[in-house]
file start-v5.tsv (TSV, C-alpha atoms)
chain	number	residue	atom	x	y	z
G	1	MET	CA	-51.57	10.08	-42.70
G	2	THR	CA	-48.49	10.50	-40.52
G	3	GLU	CA	-50.44	12.25	-37.76
G	4	ALA	CA	-53.23	9.67	-37.88
G	5	LEU	CA	-50.69	6.86	-37.70
G	6	LYS	CA	-48.90	8.55	-34.78
G	7	THR	CA	-52.16	8.77	-32.85
G	8	ALA	CA	-53.06	5.16	-33.62
G	9	MET	CA	-49.58	4.02	-32.66
G	10	THR	CA	-49.50	5.84	-29.32
G	11	THR	CA	-52.94	4.54	-28.44
G	12	SER	CA	-51.89	1.03	-29.45
G	13	ILE	CA	-48.73	0.84	-27.38
G	14	SER	CA	-50.58	2.18	-24.36
G	15	GLU	CA	-53.31	-0.44	-24.76
G	16	VAL	CA	-50.91	-3.32	-25.32
G	17	LEU	CA	-48.53	-2.48	-22.47
G	18	GLU	CA	-51.32	-1.69	-20.02
G	19	THR	CA	-53.62	-4.60	-20.92
G	20	MET	CA	-51.11	-7.40	-21.43
G	21	PHE	CA	-48.13	-6.26	-19.33
G	22	PHE	CA	-49.83	-4.11	-16.65
G	23	MET	CA	-47.40	-1.25	-17.39
G	24	THR	CA	-48.54	2.35	-17.28
G	25	ILE	CA	-46.48	4.52	-19.59
G	26	ASP	CA	-45.49	8.06	-20.49
G	27	LEU	CA	-44.75	8.88	-24.11
G	28	ASN	CA	-42.08	11.22	-25.46
G	29	GLU	CA	-42.88	11.97	-29.09
G	30	ASN	CA	-39.93	14.32	-29.59
G	31	ALA	CA	-37.18	11.90	-28.60
G	32	THR	CA	-34.81	10.03	-30.89
G	33	ALA	CA	-33.52	6.49	-30.77
G	34	ASP	CA	-30.19	7.90	-29.53
G	35	GLU	CA	-31.84	8.76	-26.22
G	36	LEU	CA	-32.84	5.16	-25.75
G	37	LEU	CA	-29.32	3.98	-26.53
G	38	LYS	CA	-27.81	6.47	-24.08
G	39	ASP	CA	-30.29	5.51	-21.35
G	40	ARG	CA	-30.19	1.77	-21.57
G	41	GLY	CA	-28.62	-0.26	-18.82
G	42	THR	CA	-28.66	-3.49	-20.77
G	43	PRO	CA	-28.54	-4.10	-24.54
G	44	PRO	CA	-31.91	-3.93	-26.22
G	45	ILE	CA	-33.56	-6.94	-27.77
G	46	ILE	CA	-35.19	-5.80	-31.00
G	47	SER	CA	-38.11	-7.13	-32.99
G	48	ARG	CA	-39.44	-6.04	-36.36
G	49	ILE	CA	-42.64	-6.73	-38.24
G	50	GLY	CA	-43.43	-5.83	-41.83
G	51	PHE	CA	-46.86	-4.73	-43.03
G	52	ARG	CA	-48.56	-4.18	-46.36
G	53	GLY	CA	-51.77	-2.40	-47.32
G	54	LYS	CA	-52.51	1.22	-48.05
G	55	LEU	CA	-49.35	1.76	-46.03
G	56	THR	CA	-46.29	-0.47	-46.48
G	57	GLY	CA	-43.35	-0.61	-44.10
G	58	PHE	CA	-42.44	-1.99	-40.71
G	59	PHE	CA	-42.53	-1.45	-36.99
G	60	ILE	CA	-39.44	-1.89	-34.83
G	61	PHE	CA	-39.65	-2.46	-31.08
G	62	MET	CA	-36.53	-1.94	-28.95
G	63	VAL	CA	-36.63	-3.22	-25.38
G	64	PRO	CA	-33.63	-3.26	-23.02
G	65	GLU	CA	-33.18	-6.78	-21.64
G	66	ASN	CA	-33.85	-5.82	-18.02
G	67	ILE	CA	-37.23	-4.33	-18.96
G	68	LEU	CA	-38.02	-7.27	-21.19
G	69	ASN	CA	-37.33	-9.57	-18.23
G	70	THR	CA	-39.94	-7.69	-16.20
G	71	MET	CA	-42.41	-7.75	-19.08
G	72	THR	CA	-41.90	-11.48	-19.62
G	73	GLU	CA	-42.38	-12.30	-15.93
G	74	THR	CA	-45.68	-10.42	-15.98
G	75	PHE	CA	-46.80	-11.68	-19.36
G	76	MET	CA	-46.14	-15.36	-18.69
G	77	GLY	CA	-46.65	-15.38	-14.93
G	78	LEU	CA	-43.12	-16.71	-14.38
G	79	ASP	CA	-40.65	-16.22	-11.57
G	80	VAL	CA	-37.57	-14.24	-12.56
G	81	ASP	CA	-35.38	-17.36	-12.37
G	82	ALA	CA	-37.66	-19.24	-14.74
G	83	VAL	CA	-37.38	-16.72	-17.60
G	84	THR	CA	-35.28	-18.04	-20.49
G	85	GLU	CA	-33.90	-16.47	-23.65
G	86	THR	CA	-36.67	-18.21	-25.60
G	87	HIS	CA	-39.29	-16.58	-23.36
G	88	LEU	CA	-37.69	-13.15	-23.81
G	89	GLN	CA	-37.57	-13.48	-27.57
G	90	GLY	CA	-41.13	-14.78	-27.72
G	91	THR	CA	-42.37	-11.88	-25.65
G	92	VAL	CA	-40.71	-9.15	-27.73
G	93	LEU	CA	-41.95	-10.81	-30.92
G	94	GLU	CA	-45.51	-11.12	-29.67
G	95	ALA	CA	-45.46	-7.55	-28.33
G	96	ILE	CA	-44.61	-6.05	-31.73
G	97	ASN	CA	-47.22	-8.29	-33.35
G	98	MET	CA	-49.91	-6.95	-31.01
G	99	ILE	CA	-48.75	-3.34	-31.29
G	100	ALA	CA	-48.79	-3.46	-35.09
G	101	GLY	CA	-52.17	-5.17	-35.40
G	102	ASN	CA	-53.73	-2.92	-32.81
G	103	THR	CA	-52.30	0.20	-34.48
G	104	PHE	CA	-54.04	-0.64	-37.73
G	105	SER	CA	-57.29	-1.47	-35.94
G	106	ASN	CA	-57.13	1.96	-34.34
G	107	LEU	CA	-56.15	3.63	-37.61
G	108	ASP	CA	-58.87	2.15	-39.82
G	109	ASP	CA	-60.77	-1.00	-38.94
G	110	GLN	CA	-62.31	-1.14	-42.42
G	111	ALA	CA	-58.92	-1.41	-44.12
G	112	VAL	CA	-56.98	-4.65	-44.44
G	113	PHE	CA	-53.29	-4.67	-43.57
G	114	ASP	CA	-51.29	-7.86	-44.00
G	115	LEU	CA	-48.75	-8.43	-41.26
G	116	ASP	CA	-45.59	-10.50	-41.75
G	117	ILE	CA	-44.31	-12.94	-39.17
G	118	PRO	CA	-42.30	-10.86	-36.64
G	119	GLU	CA	-38.52	-11.34	-36.54
G	120	LEU	CA	-35.57	-10.53	-34.29
G	121	ILE	CA	-33.01	-8.07	-35.65
G	122	ASP	CA	-29.80	-6.48	-34.37
G	123	MET	CA	-29.22	-2.79	-33.62
G	124	ASN	CA	-27.35	-2.08	-36.85
G	125	THR	CA	-30.24	-3.44	-38.89
G	126	ALA	CA	-32.69	-1.45	-36.78
G	127	MET	CA	-30.81	1.81	-37.22
G	128	ALA	CA	-30.62	1.27	-40.99
G	129	SER	CA	-34.21	0.22	-41.25
G	130	CYS	CA	-35.68	3.29	-42.93
G	131	PRO	CA	-34.57	2.77	-46.53
G	132	GLU	CA	-35.40	5.03	-49.43
G	133	ASN	CA	-38.48	3.02	-50.31
G	134	ALA	CA	-40.02	3.83	-46.93
G	135	PRO	CA	-39.32	7.55	-46.57
G	136	GLU	CA	-41.78	8.39	-43.83
G	137	GLY	CA	-40.81	7.46	-40.28
G	138	TYR	CA	-41.56	8.12	-36.68
G	139	PHE	CA	-39.90	7.23	-33.36
G	140	LEU	CA	-41.62	7.05	-30.00
G	141	LEU	CA	-39.75	6.88	-26.69
G	142	VAL	CA	-41.83	5.03	-24.12
G	143	GLU	CA	-41.08	5.58	-20.45
G	144	THR	CA	-42.19	2.90	-18.00
G	145	PHE	CA	-41.58	2.29	-14.29
G	146	ALA	CA	-38.87	-0.16	-15.31
G	147	GLY	CA	-37.08	2.15	-17.78
G	148	LYS	CA	-37.28	3.34	-21.36
G	149	LEU	CA	-38.09	1.43	-24.53
G	150	GLY	CA	-38.55	2.50	-28.12
G	151	LEU	CA	-41.01	2.02	-30.93
G	152	LYS	CA	-40.23	3.04	-34.49
G	153	VAL	CA	-42.29	2.91	-37.65
G	154	CYS	CA	-41.18	3.45	-41.25
G	155	PHE	CA	-43.60	3.40	-44.12
G	156	ARG	CA	-44.58	4.63	-47.54
G	157	SER	CA	-48.11	5.37	-48.70
G	158	GLU	CA	-49.44	3.26	-51.58
V	1	MET	CA	-62.62	-50.36	2.45
V	2	MET	CA	-61.98	-51.47	-1.08
V	3	GLN	CA	-65.48	-50.43	-2.14
V	4	VAL	CA	-65.00	-46.91	-0.72
V	5	LYS	CA	-61.71	-46.55	-2.56
V	6	THR	CA	-63.36	-47.70	-5.80
V	7	LEU	CA	-66.21	-45.23	-5.28
V	8	ILE	CA	-63.78	-42.37	-4.70
V	9	GLU	CA	-61.87	-43.33	-7.84
V	10	SER	CA	-65.13	-43.45	-9.83
V	11	VAL	CA	-66.18	-39.99	-8.69
V	12	LYS	CA	-62.71	-38.67	-9.40
V	13	ASN	CA	-62.71	-40.18	-12.88
V	14	ALA	CA	-66.20	-38.85	-13.59
V	15	GLY	CA	-65.04	-35.34	-12.71
V	16	GLU	CA	-62.00	-35.67	-14.89
V	17	ALA	CA	-64.11	-36.97	-17.78
V	18	MET	CA	-66.25	-33.83	-17.60
V	19	ALA	CA	-63.24	-31.51	-17.87
V	20	TYR	CA	-62.84	-29.78	-21.21
V	21	LYS	CA	-59.94	-30.52	-23.50
V	22	MET	CA	-58.73	-27.56	-25.58
V	23	LEU	CA	-56.14	-27.10	-28.31
V	24	VAL	CA	-54.32	-23.75	-28.28
V	25	VAL	CA	-52.68	-22.88	-31.61
V	26	ASP	CA	-50.22	-19.99	-31.76
V	27	ASP	CA	-46.63	-19.69	-32.99
V	28	SER	CA	-45.78	-17.65	-29.90
V	29	LEU	CA	-44.93	-19.71	-26.81
V	30	PRO	CA	-45.60	-16.76	-24.45
V	31	MET	CA	-48.98	-16.15	-26.07
V	32	ARG	CA	-49.97	-19.82	-25.74
V	33	SER	CA	-48.98	-19.62	-22.10
V	34	ILE	CA	-51.00	-16.50	-21.35
V	35	ILE	CA	-54.05	-17.82	-23.21
V	36	ILE	CA	-53.94	-21.07	-21.22
V	37	ARG	CA	-53.41	-19.19	-17.96
V	38	THR	CA	-56.32	-16.87	-18.72
V	39	ILE	CA	-58.67	-19.70	-19.69
V	40	LYS	CA	-57.78	-21.60	-16.51
V	41	ALA	CA	-58.51	-18.46	-14.51
V	42	SER	CA	-61.84	-18.03	-16.31
V	43	GLY	CA	-63.61	-20.95	-14.66
V	44	PHE	CA	-61.84	-23.76	-16.56
V	45	SER	CA	-59.20	-24.62	-14.00
V	46	ASN	CA	-59.67	-28.36	-14.68
V	47	ALA	CA	-59.36	-28.07	-18.43
V	48	GLU	CA	-56.68	-30.07	-20.23
V	49	PHE	CA	-54.64	-28.22	-22.83
V	50	LEU	CA	-52.85	-29.35	-25.96
V	51	GLN	CA	-50.64	-26.97	-27.91
V	52	ALA	CA	-49.57	-26.46	-31.51
V	53	GLY	CA	-47.36	-23.86	-33.19
V	54	ASN	CA	-49.32	-23.52	-36.44
V	55	GLY	CA	-52.28	-24.91	-38.36
V	56	LYS	CA	-50.39	-27.91	-39.72
V	57	GLU	CA	-49.29	-28.98	-36.27
V	58	ALA	CA	-52.84	-28.46	-35.03
V	59	LEU	CA	-54.25	-30.82	-37.68
V	60	GLU	CA	-51.63	-33.42	-36.72
V	61	VAL	CA	-52.75	-33.16	-33.09
V	62	LEU	CA	-56.40	-33.46	-34.13
V	63	GLU	CA	-55.67	-36.67	-36.03
V	64	ASN	CA	-55.16	-38.41	-32.70
V	65	GLU	CA	-56.96	-36.29	-30.12
V	66	TRP	CA	-60.54	-35.11	-29.75
V	67	VAL	CA	-60.89	-31.63	-28.24
V	68	ASP	CA	-63.90	-29.59	-27.17
V	69	LEU	CA	-62.50	-26.30	-28.47
V	70	VAL	CA	-59.71	-25.02	-30.71
V	71	VAL	CA	-58.33	-21.59	-29.85
V	72	THR	CA	-56.21	-20.26	-32.70
V	73	ASP	CA	-54.15	-17.31	-33.80
V	74	TYR	CA	-54.37	-16.12	-37.42
V	75	ASN	CA	-50.88	-15.03	-38.44
V	76	MET	CA	-48.68	-18.15	-38.22
V	77	PRO	CA	-46.04	-19.74	-40.46
V	78	ASP	CA	-46.79	-22.79	-42.68
V	79	MET	CA	-50.55	-22.74	-42.11
V	80	ASN	CA	-52.45	-19.75	-40.73
V	81	GLY	CA	-55.62	-19.72	-38.65
V	82	MET	CA	-57.92	-19.08	-41.60
V	83	GLU	CA	-56.53	-22.09	-43.46
V	84	LEU	CA	-56.87	-24.20	-40.31
V	85	ILE	CA	-60.55	-23.27	-39.99
V	86	SER	CA	-61.15	-24.11	-43.66
V	87	GLU	CA	-59.48	-27.52	-43.27
V	88	MET	CA	-61.49	-28.28	-40.14
V	89	LYS	CA	-64.82	-27.17	-41.61
V	90	GLY	CA	-64.17	-29.30	-44.68
V	91	ASP	CA	-63.71	-32.41	-42.55
V	92	ASP	CA	-66.73	-34.55	-41.60
V	93	ILE	CA	-65.49	-35.06	-38.04
V	94	LEU	CA	-63.47	-31.96	-37.22
V	95	ASN	CA	-66.20	-29.58	-38.36
V	96	ALA	CA	-68.04	-30.29	-35.11
V	97	ILE	CA	-65.27	-28.68	-33.05
V	98	PRO	CA	-65.87	-24.97	-32.34
V	99	VAL	CA	-63.00	-22.62	-33.15
V	100	LEU	CA	-62.26	-19.42	-31.26
V	101	VAL	CA	-59.93	-16.99	-33.01
V	102	ILE	CA	-57.61	-14.81	-30.91
V	103	THR	CA	-55.55	-12.54	-33.12
V	104	THR	CA	-54.10	-9.11	-33.76
V	105	GLU	CA	-56.02	-8.94	-37.05
V	106	GLY	CA	-58.60	-6.30	-36.28
V	107	SER	CA	-60.11	-5.27	-39.60
V	108	GLN	CA	-63.85	-5.82	-39.88
V	109	LYS	CA	-63.33	-7.56	-43.21
V	110	LYS	CA	-61.05	-10.15	-41.60
V	111	VAL	CA	-63.47	-10.63	-38.67
V	112	ASP	CA	-66.34	-11.21	-41.11
V	113	GLU	CA	-64.21	-13.68	-43.05
V	114	PHE	CA	-63.39	-15.66	-39.90
V	115	ILE	CA	-67.09	-15.93	-39.06
V	116	GLU	CA	-68.04	-16.81	-42.65
V	117	ARG	CA	-65.46	-19.60	-42.67
V	118	GLY	CA	-67.04	-21.03	-39.53
V	119	ALA	CA	-65.29	-19.52	-36.50
V	120	ALA	CA	-67.50	-19.65	-33.41
V	121	GLY	CA	-66.03	-16.48	-31.93
V	122	TYR	CA	-63.37	-13.85	-32.24
V	123	ILE	CA	-61.16	-11.96	-29.76
V	124	LYS	CA	-58.74	-9.22	-30.69
V	125	LYS	CA	-55.31	-8.91	-29.04
V	126	PRO	CA	-54.63	-7.25	-26.67
V	127	PHE	CA	-57.41	-8.98	-24.79
V	128	THR	CA	-58.78	-8.83	-21.27
V	129	PRO	CA	-59.63	-11.92	-19.19
V	130	GLU	CA	-63.26	-10.76	-19.35
V	131	ALA	CA	-63.24	-10.99	-23.16
V	132	ILE	CA	-62.06	-14.60	-23.02
V	133	ARG	CA	-64.53	-15.52	-20.31
V	134	THR	CA	-67.41	-14.01	-22.31
V	135	GLN	CA	-66.50	-15.91	-25.47
V	136	LEU	CA	-66.01	-19.21	-23.64
V	137	ALA	CA	-69.39	-18.82	-21.96
V	138	LYS	CA	-70.97	-18.15	-25.35
V	139	ILE	CA	-69.34	-21.13	-27.05
V	140	LEU	CA	-69.22	-23.75	-24.29
V	141	GLY	CA	-72.09	-22.62	-22.10
V	142	GLU	CA	-72.27	-20.62	-18.89
V	143	VAL	CA	-69.13	-20.93	-16.80
V	144	GLU	CA	-69.34	-21.82	-13.12
V	145	ASP	CA	-67.56	-19.25	-10.99
V	146	ASP	CA	-65.01	-21.36	-9.14
V	147	GLY	CA	-63.36	-18.30	-7.64
V	148	SER	CA	-60.31	-18.63	-9.83
V	149	PHE	CA	-61.18	-15.68	-12.07
V	150	GLU	CA	-60.00	-13.18	-9.47
V	151	ASP	CA	-56.71	-15.06	-9.14
V	152	SER	CA	-55.67	-14.46	-12.72
V	153	ASN	CA	-52.07	-13.74	-11.70
V	154	ASP	CA	-51.61	-17.20	-10.22
V	155	ASP	CA	-48.61	-18.95	-11.62
V	156	VAL	CA	-49.24	-21.84	-13.94
V	157	ASP	CA	-46.47	-24.13	-15.08
V	158	PHE	CA	-46.10	-24.77	-18.78
call {"tool": "encode", "arguments": {"input": "start-v5.tsv", "output": "structure tokens"}}
result
Amino acid sequence: MTEALKTAMTTSISEVLETMFFMTIDLNENATADELLKDRGTPPIISRIGFRGKLTGFFIFMVPENILNTMTETFMGLDVDAVTETHLQGTVLEAINMIAGNTFSNLDDQAVFDLDIPELIDMNTAMASCPENAPEGYFLLVETFAGKLGLKVCFRSE
Amino acid sequence: MMQVKTLIESVKNAGEAMAYKMLVVDDSLPMRSIIIRTIKASGFSNAEFLQAGNGKEALEVLENEWVDLVVTDYNMPDMNGMELISEMKGDDILNAIPVLVITTEGSQKKVDEFIERGAAGYIKKPFTPEAIRTQLAKILGEVEDDGSFEDSNDDVDF
């Protein structure tokens, strides 16, 4: 299941970032979240969404603020000066919502996964977000023209 | 002179009366913005838009406003898109309003349920402008090409 989920997840983030944010990406499947933290120029804004179904767990999306600014400008068609904190937060929340839903569509469109309402979390919560009840996990470093961002999933099979 | 001015006003008002009024329901402000921008760029540049953050707010709007189309997300706090459709289809007046669902929920079972409950159409996020244009044409009738479709990156104030 881990390999199938990885494939669905990489396809999903490509589709979401290219279709909704016009960002072409390169994926590094062997990186860790530490590489994102070392690389970042600005603190990341982090969103998380829980899911339940034949897999239960959550996705975490980490986007440095400067990249999120670029994404938000594109997504909402705003000038850079018009982007507010509310816009940034809304964009990172909607992005993880789309990535999660699209991952499960790619994984198995006959299965039903219930998605929670996405939420904002801090870095400490994100780094501690693979508890013992969700032992399987996977981190994906996403390289864009604007910099690097990260996508993490933790889950357990039902 | 007065008659000409009156005639111009009449023509102007007639044009405005023909413009569609749509209610966009999504708990994400950026997503509402991009949906509105995409619809405007899909041949509905004169459409008037109302917004709501969940199904409950949408029903409050519909108590006082008639709209030609409701465009709704599924996964929202307080009242989700499925519950909104059920409420509308159970109402003698609101059941005449077509509902287009735009959501990350991609399972075939959920799609079938939306249609069974009375949704007029369904679009999965991430979506392309073409997908929205196709669904609007199906629900509201063929869309005149006013040249705005190619300008989908035009800024729109929200």
call {"tool": "closest_residue", "arguments": {"input": "start-v5.tsv", "among": "V:Asp68, V:Asp78, V:Asp92, V:Glu116", "to": "Asn54 of chain V", "atoms": "all atoms listed in the file"}}
result
V:Asp78
call {"tool": "interface_residues", "arguments": {"input": "start-v5.tsv", "of": "chain V", "to": "chain G", "cutoff": "6 Å", "atoms": "all atoms listed in the file", "output": "JSON, numbers by chain"}}
result
{"V": [28, 30, 34, 104, 105, 106, 107, 108, 126, 155]}
call {"tool": "write_last_selection", "arguments": {"input": "start-v5.tsv", "atoms": "C-alpha atoms", "output": "PDB file, in the coordinates of the input"}}
result
ATOM      1  CA  SER V  28     -45.780 -17.650 -29.900  1.00  0.00           C
ATOM      2  CA  PRO V  30     -45.600 -16.760 -24.450  1.00  0.00           C
ATOM      3  CA  ILE V  34     -51.000 -16.500 -21.350  1.00  0.00           C
ATOM      4  CA  THR V 104     -54.100  -9.110 -33.760  1.00  0.00           C
ATOM      5  CA  GLU V 105     -56.020  -8.940 -37.050  1.00  0.00           C
ATOM      6  CA  GLY V 106     -58.600  -6.300 -36.280  1.00  0.00           C
ATOM      7  CA  SER V 107     -60.110  -5.270 -39.600  1.00  0.00           C
ATOM      8  CA  GLN V 108     -63.850  -5.820 -39.880  1.00  0.00           C
ATOM      9  CA  PRO V 126     -54.630  -7.250 -26.670  1.00  0.00           C
ATOM     10  CA  ASP V 155     -48.610 -18.950 -11.620  1.00  0.00           C
TER      11      ASP V 155
END
call {"tool": "axis_aligned_box", "arguments": {"input": "start-v5.tsv", "around": "segment 109-125 of chain V", "padding_each_side": "5 Å", "output": "lines of an AutoDock Vina configuration file"}}
result
center_x = -61.7
center_y = -14.3
center_z = -36.1
size_x = 22.7
size_y = 23.5
size_z = 24.2
call {"tool": "residues_around", "arguments": {"input": "start-v5.tsv", "residues": "Ser86 of chain V", "least_positions_apart": "4", "cutoff": "8 Å", "atoms": "all atoms listed in the file", "output": "list in words"}}
result
Met82, Gly90, Arg117 and Gly118 of chain V
call {"tool": "residues_around", "arguments": {"input": "start-v5.tsv", "residues": "Trp66 of chain V", "least_positions_apart": "5", "cutoff": "10 Å", "atoms": "all atoms listed in the file", "output": "PyMOL selection string"}}
result
chain V and resi 21-23+61+93-94+97
call {"tool": "residues_around", "arguments": {"input": "start-v5.tsv", "residues": "Ile139 of chain V", "least_positions_apart": "5", "cutoff": "12 Å", "atoms": "only C-alpha atoms", "output": "number ranges by chain"}}
result
V: 68-71, 97-101, 119-122, 132-134
call {"tool": "write_last_selection", "arguments": {"input": "start-v5.tsv", "atoms": "C-alpha atoms", "output": "CSV table (one decimal), in the coordinates of the input"}}
result
chain,number,residue,atom,x,y,z
V,68,ASP,CA,-63.9,-29.6,-27.2
V,69,LEU,CA,-62.5,-26.3,-28.5
V,70,VAL,CA,-59.7,-25.0,-30.7
V,71,VAL,CA,-58.3,-21.6,-29.8
V,97,ILE,CA,-65.3,-28.7,-33.0
V,98,PRO,CA,-65.9,-25.0,-32.3
V,99,VAL,CA,-63.0,-22.6,-33.2
V,100,LEU,CA,-62.3,-19.4,-31.3
V,101,VAL,CA,-59.9,-17.0,-33.0
V,119,ALA,CA,-65.3,-19.5,-36.5
V,120,ALA,CA,-67.5,-19.6,-33.4
V,121,GLY,CA,-66.0,-16.5,-31.9
V,122,TYR,CA,-63.4,-13.8,-32.2
V,132,ILE,CA,-62.1,-14.6,-23.0
V,133,ARG,CA,-64.5,-15.5,-20.3
V,134,THR,CA,-67.4,-14.0,-22.3
call {"tool": "atom_distance", "arguments": {"input": "start-v5.tsv", "atom1": "atom CA of Gln135 of chain V", "atom2": "atom CA of Phe51 of chain G"}}
result
28.6 Å
call {"tool": "residues_around", "arguments": {"input": "start-v5.tsv", "residues": "Asp27 of chain V", "least_positions_apart": "6", "cutoff": "8 Å", "atoms": "all atoms listed in the file", "output": "VMD selection string"}}
result
chain V and resid 52 to 54 73 76 to 77
call {"tool": "write_last_selection", "arguments": {"input": "start-v5.tsv", "atoms": "C-alpha atoms", "output": "short mmCIF file (atom, residue, chain, number, x, y, z; two decimals), in the frame of the given file"}}
result
data_model
loop_
_atom_site.label_atom_id
_atom_site.label_comp_id
_atom_site.auth_asym_id
_atom_site.auth_seq_id
_atom_site.Cartn_x
_atom_site.Cartn_y
_atom_site.Cartn_z
CA ALA V 52 -49.57 -26.46 -31.51
CA GLY V 53 -47.36 -23.86 -33.19
CA ASN V 54 -49.32 -23.52 -36.44
CA ASP V 73 -54.15 -17.31 -33.80
CA MET V 76 -48.68 -18.15 -38.22
CA PRO V 77 -46.04 -19.74 -40.46
#
call {"tool": "residues_around", "arguments": {"input": "start-v5.tsv", "residues": "Pro43 of chain G", "least_positions_apart": "6", "cutoff": "10 Å", "atoms": "all atoms listed in the file", "output": "number ranges by chain"}}
result
G: 37, 62-66, 123
call {"tool": "atom_distance", "arguments": {"input": "start-v5.tsv", "atom1": "atom CA of Ala126 of chain G", "atom2": "atom CA of Ser47 of chain G"}}
result
8.7 Å
call {"tool": "closest_residue", "arguments": {"input": "start-v5.tsv", "among": "G:Val83, G:Ile25, G:Val153, G:Val142", "to": "Cys130 of chain G", "atoms": "only C-alpha atoms"}}
result
G:Val153
